[in-house]
file coords_21.cif (mmCIF, C-alpha atoms)
data_data
#
loop_
_atom_site.label_atom_id
_atom_site.label_comp_id
_atom_site.auth_asym_id
_atom_site.auth_seq_id
_atom_site.Cartn_x
_atom_site.Cartn_y
_atom_site.Cartn_z
CA MET R 1 -7.91 41.48 25.40
CA ASP R 2 -5.56 39.84 27.89
CA LEU R 3 -8.04 37.00 28.28
CA LEU R 4 -7.44 36.07 24.63
CA TYR R 5 -3.63 35.99 24.94
CA GLU R 6 -3.18 34.60 28.43
CA PRO R 7 -3.47 30.91 29.21
CA TRP R 8 -6.77 29.91 30.85
CA PRO R 9 -6.66 28.44 34.34
CA TRP R 10 -7.82 24.83 34.73
CA TYR R 11 -10.98 25.75 36.62
CA ILE R 12 -12.17 27.82 33.62
CA ALA R 13 -10.92 25.51 30.86
CA GLY R 14 -12.30 22.28 32.38
CA PRO R 15 -15.96 23.35 32.47
CA VAL R 16 -15.67 24.89 28.97
CA ILE R 17 -14.31 21.60 27.57
CA GLY R 18 -17.09 19.73 29.40
CA LEU R 19 -19.70 21.90 27.67
CA THR R 20 -18.69 20.34 24.35
CA VAL R 21 -20.64 17.22 25.40
CA PRO R 22 -24.09 18.83 25.85
CA LEU R 23 -23.52 21.26 22.96
CA LEU R 24 -23.00 18.39 20.48
CA LEU R 25 -25.91 16.41 21.95
CA LEU R 26 -28.23 19.41 21.70
CA ALA R 27 -26.93 20.41 18.28
CA GLY R 28 -27.85 17.07 16.73
CA GLY R 29 -27.68 14.19 19.22
CA LYS R 30 -23.96 13.69 18.53
CA MET R 31 -21.58 11.99 20.96
CA PHE R 32 -18.32 13.90 21.40
CA GLY R 33 -15.37 11.77 20.22
CA VAL R 34 -12.45 12.97 18.11
CA SER R 35 -10.72 9.70 17.16
CA ALA R 36 -13.78 8.46 15.22
CA ASN R 37 -12.58 10.86 12.52
CA LEU R 38 -9.51 8.68 12.01
CA ARG R 39 -11.77 5.71 11.37
CA HIS R 40 -13.99 7.72 9.02
CA THR R 41 -10.88 8.80 7.10
CA CYS R 42 -9.79 5.16 6.74
CA ALA R 43 -13.33 4.30 5.62
CA ALA R 44 -13.14 7.03 3.00
CA CYS R 45 -9.81 5.70 1.71
CA THR R 46 -10.32 1.93 1.69
CA PHE R 47 -13.50 1.72 -0.44
CA GLY R 48 -15.07 -1.08 1.60
CA LYS R 49 -12.15 -3.48 1.31
CA VAL R 50 -11.79 -3.90 5.08
CA ASP R 51 -14.91 -4.88 7.05
CA PHE R 52 -14.23 -2.47 9.90
CA PHE R 53 -14.13 0.42 7.43
CA ASN R 54 -17.07 -0.66 5.31
CA TYR R 55 -19.88 1.73 6.24
CA ASP R 56 -21.39 4.99 5.09
CA TRP R 57 -18.67 7.29 6.44
CA LYS R 58 -20.26 10.37 4.88
CA THR R 59 -23.48 10.05 6.85
CA ALA R 60 -21.67 8.94 10.00
CA GLY R 61 -18.77 11.34 9.87
CA ARG R 62 -19.69 14.56 8.11
CA TRP R 63 -20.63 16.40 11.29
CA ASN R 64 -17.46 15.18 13.05
CA PHE R 65 -15.14 16.18 10.19
CA THR R 66 -16.73 19.62 10.35
CA PHE R 67 -16.18 19.72 14.11
CA LEU R 68 -12.55 18.65 13.57
CA ALA R 69 -12.00 21.37 10.96
CA GLY R 70 -13.31 23.81 13.57
CA SER R 71 -10.77 22.47 16.09
CA VAL R 72 -7.95 23.20 13.64
CA ILE R 73 -9.27 26.76 13.18
CA GLY R 74 -9.64 27.13 16.97
CA GLY R 75 -6.04 25.95 17.34
CA PHE R 76 -4.94 28.52 14.77
CA LEU R 77 -6.74 31.33 16.60
CA ALA R 78 -5.55 30.37 20.09
CA GLY R 79 -2.05 29.20 19.16
CA HIS R 80 -1.15 31.61 16.37
CA VAL R 81 -3.35 34.73 16.26
CA PHE R 82 -3.72 35.01 20.04
CA ALA R 83 -0.63 33.02 20.99
CA ASN R 84 0.62 33.25 24.55
CA PRO R 85 4.13 34.80 24.30
CA ASP R 86 5.26 33.39 27.65
CA PRO R 87 6.51 29.91 28.49
CA ILE R 88 4.13 27.50 30.21
CA ASN R 89 3.99 27.81 33.98
CA LEU R 90 5.16 24.23 34.43
CA SER R 91 5.92 22.72 37.83
CA SER R 92 9.59 22.97 38.75
CA ALA R 93 9.74 19.24 39.53
CA THR R 94 8.67 18.36 35.97
CA ILE R 95 11.12 20.87 34.48
CA ALA R 96 13.99 19.40 36.51
CA ASP R 97 12.97 15.87 35.52
CA LEU R 98 12.76 16.72 31.81
CA GLN R 99 16.05 18.64 31.90
CA ALA R 100 17.68 15.55 33.37
CA LEU R 101 16.31 13.61 30.38
CA GLY R 102 17.92 16.12 28.02
CA ILE R 103 15.05 18.47 27.12
CA ARG R 104 16.46 21.97 26.58
CA ASP R 105 13.65 24.05 25.12
CA PHE R 106 10.83 25.07 27.46
CA ASP R 107 9.61 28.17 25.58
CA GLY R 108 6.52 26.98 23.72
CA LEU R 109 3.70 24.44 23.99
CA VAL R 110 6.02 21.64 22.87
CA PRO R 111 9.83 21.28 23.03
CA ASP R 112 11.79 22.15 19.88
CA ASP R 113 14.07 19.28 20.86
CA LEU R 114 11.42 16.89 19.48
CA PHE R 115 8.66 18.73 17.56
CA VAL R 116 10.52 20.01 14.51
CA TRP R 117 10.80 18.41 11.06
CA SER R 118 14.54 17.81 11.46
CA SER R 119 13.86 15.65 14.52
CA LEU R 120 12.49 13.01 12.13
CA GLY R 121 16.10 12.30 11.22
CA THR R 122 16.78 11.09 14.76
CA ALA R 123 15.65 7.81 16.30
CA THR R 124 14.14 9.70 19.27
CA GLY R 125 12.15 12.11 17.12
CA LEU R 126 10.90 9.36 14.86
CA THR R 127 9.84 7.30 17.88
CA VAL R 128 7.99 10.18 19.55
CA LEU R 129 6.22 11.50 16.43
CA GLY R 130 5.82 8.32 14.40
CA LEU R 131 5.43 5.53 16.95
CA GLY R 132 3.60 7.86 19.36
CA GLY R 133 1.03 8.73 16.69
CA PHE R 134 0.70 5.09 15.61
CA LEU R 135 0.01 3.89 19.17
CA VAL R 136 -2.53 6.68 19.71
CA GLY R 137 -4.42 5.70 16.54
CA PHE R 138 -4.20 1.94 17.10
CA GLY R 139 -5.00 2.14 20.81
CA ALA R 140 -7.89 4.57 20.41
CA ARG R 141 -9.66 2.28 17.96
CA TYR R 142 -8.86 -0.89 19.92
CA ALA R 143 -10.27 0.76 23.05
CA GLY R 144 -13.20 2.20 21.10
CA GLY R 145 -12.37 5.82 21.86
CA CYS R 146 -9.77 8.30 23.02
CA THR R 147 -9.63 10.95 25.73
CA SER R 148 -12.71 12.74 24.41
CA GLY R 149 -14.84 9.66 23.67
CA HIS R 150 -13.99 7.74 26.84
CA ALA R 151 -12.53 10.05 29.51
CA ILE R 152 -15.01 12.86 28.82
CA SER R 153 -18.08 11.57 26.93
CA GLY R 154 -18.08 8.04 28.35
CA LEU R 155 -17.44 9.00 31.97
CA SER R 156 -20.10 11.75 31.64
CA ASP R 157 -22.54 9.00 30.69
CA LEU R 158 -21.32 6.83 33.63
CA GLN R 159 -20.13 4.05 31.31
CA LEU R 160 -18.11 1.33 33.06
CA ALA R 161 -16.39 0.58 29.75
CA SER R 162 -14.99 4.11 29.68
CA LEU R 163 -13.73 3.86 33.25
CA LEU R 164 -11.85 0.68 32.27
CA ALA R 165 -10.42 2.44 29.23
CA VAL R 166 -9.27 5.39 31.36
CA PHE R 167 -7.53 2.94 33.74
CA GLY R 168 -5.82 1.56 30.65
CA PHE R 169 -4.80 5.07 29.52
CA PHE R 170 -3.03 5.55 32.84
CA ILE R 171 -1.41 2.11 32.92
CA GLY R 172 0.11 2.81 29.50
CA GLY R 173 0.94 6.42 30.31
CA LEU R 174 2.72 5.59 33.56
CA LEU R 175 4.67 2.73 31.95
CA MET R 176 5.82 5.10 29.23
CA THR R 177 6.68 7.94 31.62
CA TYR R 178 8.59 5.95 34.22
CA LEU R 179 9.99 2.94 32.39
CA ILE R 180 10.20 3.55 28.65
CA TYR R 181 10.72 7.30 28.16
CA PRO R 182 13.95 7.35 30.22
CA LEU R 183 15.32 4.75 27.78
CA ILE R 184 14.28 6.73 24.69
CA LEU R 185 15.42 10.25 25.58
CA MET P 1 -30.45 11.27 8.93
CA LYS P 2 -30.67 12.80 5.48
CA ASN P 3 -27.75 12.29 3.17
CA THR P 4 -27.08 15.99 2.88
CA MET P 5 -26.33 18.56 5.52
CA LYS P 6 -27.49 22.15 5.28
CA LEU P 7 -25.04 25.00 5.59
CA THR P 8 -26.44 25.92 9.00
CA GLU P 9 -25.73 22.36 10.18
CA TYR P 10 -22.10 22.67 9.11
CA LEU P 11 -21.77 26.07 10.79
CA LYS P 12 -23.15 24.64 14.03
CA TYR P 13 -20.53 21.89 14.28
CA LEU P 14 -17.79 24.14 12.91
CA SER P 15 -18.38 26.73 15.65
CA ILE P 16 -18.46 24.14 18.45
CA GLY P 17 -15.19 22.77 17.01
CA ILE P 18 -13.61 26.24 16.92
CA GLY P 19 -14.48 26.71 20.59
CA PHE P 20 -13.06 23.28 21.42
CA GLY P 21 -9.78 23.86 19.55
CA PHE P 22 -9.46 27.31 21.13
CA VAL P 23 -9.86 26.08 24.71
CA LEU P 24 -7.55 23.08 24.08
CA VAL P 25 -4.72 25.47 23.23
CA LYS P 26 -5.55 28.17 25.81
CA SER P 27 -5.71 25.55 28.56
CA GLU P 28 -2.36 24.07 27.38
CA VAL P 29 -3.97 20.62 27.19
CA VAL P 30 -2.22 20.37 23.80
CA SER P 31 1.17 20.77 25.46
CA TRP P 32 3.58 17.82 25.55
CA PHE P 33 4.92 19.39 28.77
CA ARG P 34 1.52 19.33 30.48
CA ILE P 35 1.09 15.64 29.66
CA GLN P 36 4.53 14.80 31.06
CA GLU P 37 3.61 16.81 34.17
CA MET P 38 0.29 14.97 34.48
CA PHE P 39 1.83 11.49 34.38
CA ARG P 40 4.34 12.64 37.01
CA PHE P 41 1.50 13.90 39.27
CA ASP P 42 3.37 17.21 39.63
CA SER P 43 0.40 19.55 39.13
CA ILE P 44 -3.35 19.65 39.50
CA HIS P 45 -3.64 21.32 36.06
CA MET P 46 -4.65 18.36 33.84
CA TYR P 47 -6.59 16.57 36.58
CA GLY P 48 -8.55 19.73 37.34
CA ILE P 49 -9.40 20.18 33.67
CA ILE P 50 -10.45 16.57 33.01
CA GLY P 51 -12.24 16.33 36.36
CA LEU P 52 -14.29 19.50 35.88
CA ALA P 53 -14.99 18.63 32.23
CA VAL P 54 -16.39 15.29 33.36
CA ILE P 55 -18.49 16.88 36.13
CA VAL P 56 -20.01 19.41 33.71
CA GLY P 57 -20.52 16.68 31.10
CA MET P 58 -22.06 14.32 33.66
CA ILE P 59 -24.55 16.86 35.01
CA SER P 60 -25.60 17.82 31.47
CA VAL P 61 -25.97 14.23 30.25
CA GLN P 62 -28.02 13.26 33.30
CA LEU P 63 -30.31 16.29 32.79
CA ILE P 64 -30.68 15.52 29.08
CA LYS P 65 -31.64 11.93 29.90
CA ARG P 66 -33.94 12.69 32.83
CA TYR P 67 -35.97 15.28 30.95
CA ASN P 68 -35.92 13.30 27.68
CA MET P 69 -34.57 16.37 25.91
CA THR P 70 -34.60 16.77 22.15
CA ASP P 71 -31.90 18.30 19.96
CA VAL P 72 -32.42 21.56 18.08
CA ASN P 73 -34.03 19.62 15.21
CA GLY P 74 -36.63 18.17 17.55
CA ASN P 75 -35.21 14.61 17.63
CA LEU P 76 -35.05 12.80 20.96
CA ILE P 77 -31.45 12.57 22.16
CA SER P 78 -30.44 8.95 22.69
CA ILE P 79 -27.02 7.86 23.91
CA PRO P 80 -26.02 4.29 23.03
CA ALA P 81 -24.50 2.31 25.93
CA LYS P 82 -21.02 0.83 25.50
CA ASP P 83 -20.48 -2.91 25.93
CA SER P 84 -18.61 -3.06 29.23
CA SER P 85 -18.23 -6.86 29.03
CA GLN P 86 -15.32 -6.42 26.58
CA VAL P 87 -12.83 -5.87 29.40
CA THR P 88 -9.76 -6.93 27.37
CA ARG P 89 -10.46 -4.41 24.67
CA TYR P 90 -10.72 -1.47 27.07
CA MET P 91 -7.75 -2.42 29.25
CA VAL P 92 -5.35 -3.52 26.49
CA GLY P 93 -6.51 -1.00 23.91
CA GLY P 94 -6.56 1.70 26.58
CA SER P 95 -3.02 0.84 27.71
CA ILE P 96 -1.72 0.99 24.14
CA PHE P 97 -3.41 4.36 23.74
CA GLY P 98 -1.85 5.50 27.04
CA LEU P 99 1.64 4.51 25.84
CA GLY P 100 1.10 6.68 22.77
CA TRP P 101 -0.50 9.54 24.71
CA ALA P 102 2.50 9.85 27.04
CA LEU P 103 5.04 9.33 24.24
CA LEU P 104 3.58 11.85 21.81
CA GLY P 105 2.20 14.09 24.56
CA ALA P 106 -0.97 14.58 22.54
CA CYS P 107 -4.23 12.71 22.02
CA PRO P 108 -6.27 13.07 18.81
CA GLY P 109 -7.97 16.43 19.54
CA PRO P 110 -4.72 18.18 20.50
CA MET P 111 -2.90 16.73 17.44
CA PHE P 112 -5.24 18.69 15.19
CA ALA P 113 -5.36 21.82 17.35
CA LEU P 114 -1.54 21.87 17.36
CA LEU P 115 -1.51 21.51 13.59
CA GLY P 116 -3.81 24.52 13.41
CA SER P 117 -1.52 26.51 15.70
CA GLY P 118 1.14 26.25 13.01
CA LEU P 119 3.05 23.16 14.14
CA THR P 120 3.18 21.55 10.69
CA VAL P 121 5.22 18.55 11.88
CA MET P 122 2.01 17.27 13.52
CA ILE P 123 1.13 15.94 10.05
CA VAL P 124 3.53 13.08 10.89
CA PRO P 125 1.74 11.82 14.05
CA ILE P 126 -1.64 12.38 12.37
CA ALA P 127 -0.57 10.21 9.42
CA ALA P 128 0.88 7.66 11.84
CA ALA P 129 -2.39 7.62 13.81
CA LEU P 130 -4.30 6.98 10.59
CA LEU P 131 -1.94 4.10 9.86
CA GLY P 132 -2.48 2.78 13.40
CA THR P 133 -6.25 2.99 12.93
CA TYR P 134 -5.95 1.17 9.61
CA VAL P 135 -3.76 -1.59 11.06
CA TYR P 136 -6.28 -2.06 13.88
CA GLY P 137 -9.08 -2.36 11.33
CA VAL P 138 -7.18 -5.05 9.45
CA LEU P 139 -6.10 -6.99 12.57
CA ARG P 140 -9.44 -6.59 14.35
CA PRO P 141 -10.78 -10.12 13.65
CA LYS P 142 -7.61 -11.61 15.18
CA LEU P 143 -7.41 -9.44 18.30
CA PRO P 144 -8.99 -10.41 21.63
CA HIS P 145 -11.78 -8.08 22.68
#
call {"tool": "encode", "arguments": {"input": "coords_21.cif", "output": "structure tokens"}}
result
Amino acid sequence: MDLLYEPWPWYIAGPVIGLTVPLLLLAGGKMFGVSANLRHTCAACTFGKVDFFNYDWKTAGRWNFTFLAGSVIGGFLAGHVFANPDPINLSSATIADLQALGIRDFDGLVPDDLFVWSSLGTATGLTVLGLGGFLVGFGARYAGGCTSGHAISGLSDLQLASLLAVFGFFIGGLLMTYLIYPLIL
Amino acid sequence: MKNTMKLTEYLKYLSIGIGFGFVLVKSEVVSWFRIQEMFRFDSIHMYGIIGLAVIVGMISVQLIKRYNMTDVNGNLISIPAKDSSQVTRYMVGGSIFGLGWALLGACPGPMFALLGSGLTVMIVPIAAALLGTYVYGVLRPKLPH
């Protein structure tokens, strides 16, 4: 039972995540990519008024919406039913760095300093949750995929485009971490 | 593809999704802390996960291609190539995504897995990501790709 409650080490979790790619291909020739669901949702809501969202989202997206619903259930099982009661075993250098930036809560998967509803009343919380989400959605579609579609599916298929996108992910991520985040927090 | 999906089809994708959401949380990939740690190069954790996921994915995709494998319905599995000539799109779009990934500490999969774990405030970044997707769709003809 401990296996269900304890966090999984990277060398177990990595291969399991990687198996998602062949499982979806064998299940129905589907390419693993989560952010396509955001596009399908826009397609479902805009009724063909925007070219980019004018396609048969039901045929294209039904399997992926189902997969996404499964991910929410999986998150519920792993993060609620079988939640790990202990704090994350984070590196001490990162903890020191984040404490210097003003993060106080290190107990859960995310800091209560930012990921609570009341944080929306602060400029920092609104930036992290609102702007962060916006950039993820905008950037994923601009780049044609997110971590799953490019870093995992695309690199698995040896796509140069995905390697370029992953370089981009790190350019943006490092800029945020070293230059912008210290100004926000 | 037919316009309807049988119940067994739904169950197939639902169960793969459950497994994916489960491992995302158990591996702490959904954690804002782990993403901050990754971009600081303070731990092998995220690199080990992504690296091994890619190796497993790569071996499987190459086997599927080499042996012209079919899916469970008997259809040949074909993987469309991406257009790698659109360098601007991948570098600029990727960088914008990276800014958001580090800021929010979650990419699309983890946003939904975190919501499932009971973190209801994730509705806000999910709604914001939908807005971002929509704005991209509207601006698309004007953006360099």
call {"tool": "resolve_selection", "arguments": {"input": "coords_21.cif", "expression": "the PyMOL selection byres ((chain R and resi 114-119) around 8)", "output": "PyMOL selection string"}}
result
(chain R and resi 110-113+120-122+124-126+128-129) or (chain P and resi 119+121-122)
call {"tool": "residues_near_point", "arguments": {"input": "coords_21.cif", "point": "(-26.2, 11.0, 20.8)", "cutoff": "7 Å", "atoms": "only C-alpha atoms", "output": "number ranges by chain"}}
result
R: 25, 29-31; P: 77-79
call {"tool": "write_last_selection", "arguments": {"input": "coords_21.cif", "atoms": "C-alpha atoms", "output": "PDB file, in the frame of the given file"}}
result
ATOM      1  CA  LEU R  25     -25.910  16.410  21.950  1.00  0.00           C
ATOM      2  CA  GLY R  29     -27.680  14.190  19.220  1.00  0.00           C
ATOM      3  CA  LYS R  30     -23.960  13.690  18.530  1.00  0.00           C
ATOM      4  CA  MET R  31     -21.580  11.990  20.960  1.00  0.00           C
TER       5      MET R  31
ATOM      6  CA  ILE P  77     -31.450  12.570  22.160  1.00  0.00           C
ATOM      7  CA  SER P  78     -30.440   8.950  22.690  1.00  0.00           C
ATOM      8  CA  ILE P  79     -27.020   7.860  23.910  1.00  0.00           C
TER       9      ILE P  79
END
call {"tool": "closest_residue", "arguments": {"input": "coords_21.cif", "among": "R:Ser91, R:Thr20, R:Ser35, R:Ser156", "to": "Gly139 in chain R", "atoms": "all atoms listed in the file"}}
result
R:Ser35
call {"tool": "interface_residues", "arguments": {"input": "coords_21.cif", "of": "chain P", "to": "chain R", "cutoff": "6 Å", "atoms": "all atoms listed in the file", "output": "compact mmCIF listing (two decimals) with C-alpha atoms, keeping the file's coordinate frame"}}
result
# COMPACT_ATOMS: atom_id res chain seq x y z
CA TYR P 13 -20.53 21.89 14.28
CA LEU P 14 -17.79 24.14 12.91
CA GLY P 17 -15.19 22.77 17.01
CA ILE P 18 -13.61 26.24 16.92
CA PHE P 20 -13.06 23.28 21.42
CA GLY P 21 -9.78 23.86 19.55
CA PHE P 22 -9.46 27.31 21.13
CA VAL P 25 -4.72 25.47 23.23
CA LYS P 26 -5.55 28.17 25.81
CA SER P 27 -5.71 25.55 28.56
CA SER P 31 1.17 20.77 25.46
CA TRP P 32 3.58 17.82 25.55
CA GLU P 37 3.61 16.81 34.17
CA HIS P 45 -3.64 21.32 36.06
CA GLY P 48 -8.55 19.73 37.34
CA ILE P 49 -9.40 20.18 33.67
CA LEU P 52 -14.29 19.50 35.88
CA ALA P 53 -14.99 18.63 32.23
CA VAL P 54 -16.39 15.29 33.36
CA VAL P 56 -20.01 19.41 33.71
CA GLY P 57 -20.52 16.68 31.10
CA MET P 58 -22.06 14.32 33.66
CA SER P 60 -25.60 17.82 31.47
CA ASP P 71 -31.90 18.30 19.96
CA VAL P 72 -32.42 21.56 18.08
CA ILE P 77 -31.45 12.57 22.16
CA SER P 84 -18.61 -3.06 29.23
CA ARG P 89 -10.46 -4.41 24.67
CA TYR P 90 -10.72 -1.47 27.07
CA MET P 91 -7.75 -2.42 29.25
CA GLY P 93 -6.51 -1.00 23.91
CA GLY P 94 -6.56 1.70 26.58
CA SER P 95 -3.02 0.84 27.71
CA ILE P 96 -1.72 0.99 24.14
CA PHE P 97 -3.41 4.36 23.74
CA GLY P 98 -1.85 5.50 27.04
CA LEU P 99 1.64 4.51 25.84
CA GLY P 100 1.10 6.68 22.77
CA ALA P 102 2.50 9.85 27.04
CA LEU P 103 5.04 9.33 24.24
CA LEU P 104 3.58 11.85 21.81
CA PRO P 108 -6.27 13.07 18.81
CA GLY P 109 -7.97 16.43 19.54
CA PHE P 112 -5.24 18.69 15.19
CA ALA P 113 -5.36 21.82 17.35
CA GLY P 116 -3.81 24.52 13.41
CA SER P 117 -1.52 26.51 15.70
CA VAL P 121 5.22 18.55 11.88
CA PRO P 125 1.74 11.82 14.05
CA ALA P 128 0.88 7.66 11.84
CA ALA P 129 -2.39 7.62 13.81
CA LEU P 130 -4.30 6.98 10.59
CA GLY P 132 -2.48 2.78 13.40
CA THR P 133 -6.25 2.99 12.93
CA TYR P 136 -6.28 -2.06 13.88
CA GLY P 137 -9.08 -2.36 11.33
call {"tool": "atom_distance", "arguments": {"input": "coords_21.cif", "atom1": "CA of Met38 in chain P", "atom2": "CA of Gly105 in chain P"}}
result
10.1 Å
call {"tool": "atom_distance", "arguments": {"input": "coords_21.cif", "atom1": "CA of Leu114 in chain P", "atom2": "CA of Val23 in chain P"}}
result
11.9 Å
call {"tool": "closest_residue", "arguments": {"input": "coords_21.cif", "among": "P:Met111, P:Lys6, P:Met46, P:Val124", "to": "Arg34 in chain P", "atoms": "only C-alpha atoms"}}
result
P:Met46
call {"tool": "atom_distance", "arguments": {"input": "coords_21.cif", "atom1": "CA of Asn54 in chain R", "atom2": "CA of Pro110 in chain P"}}
result
27.2 Å
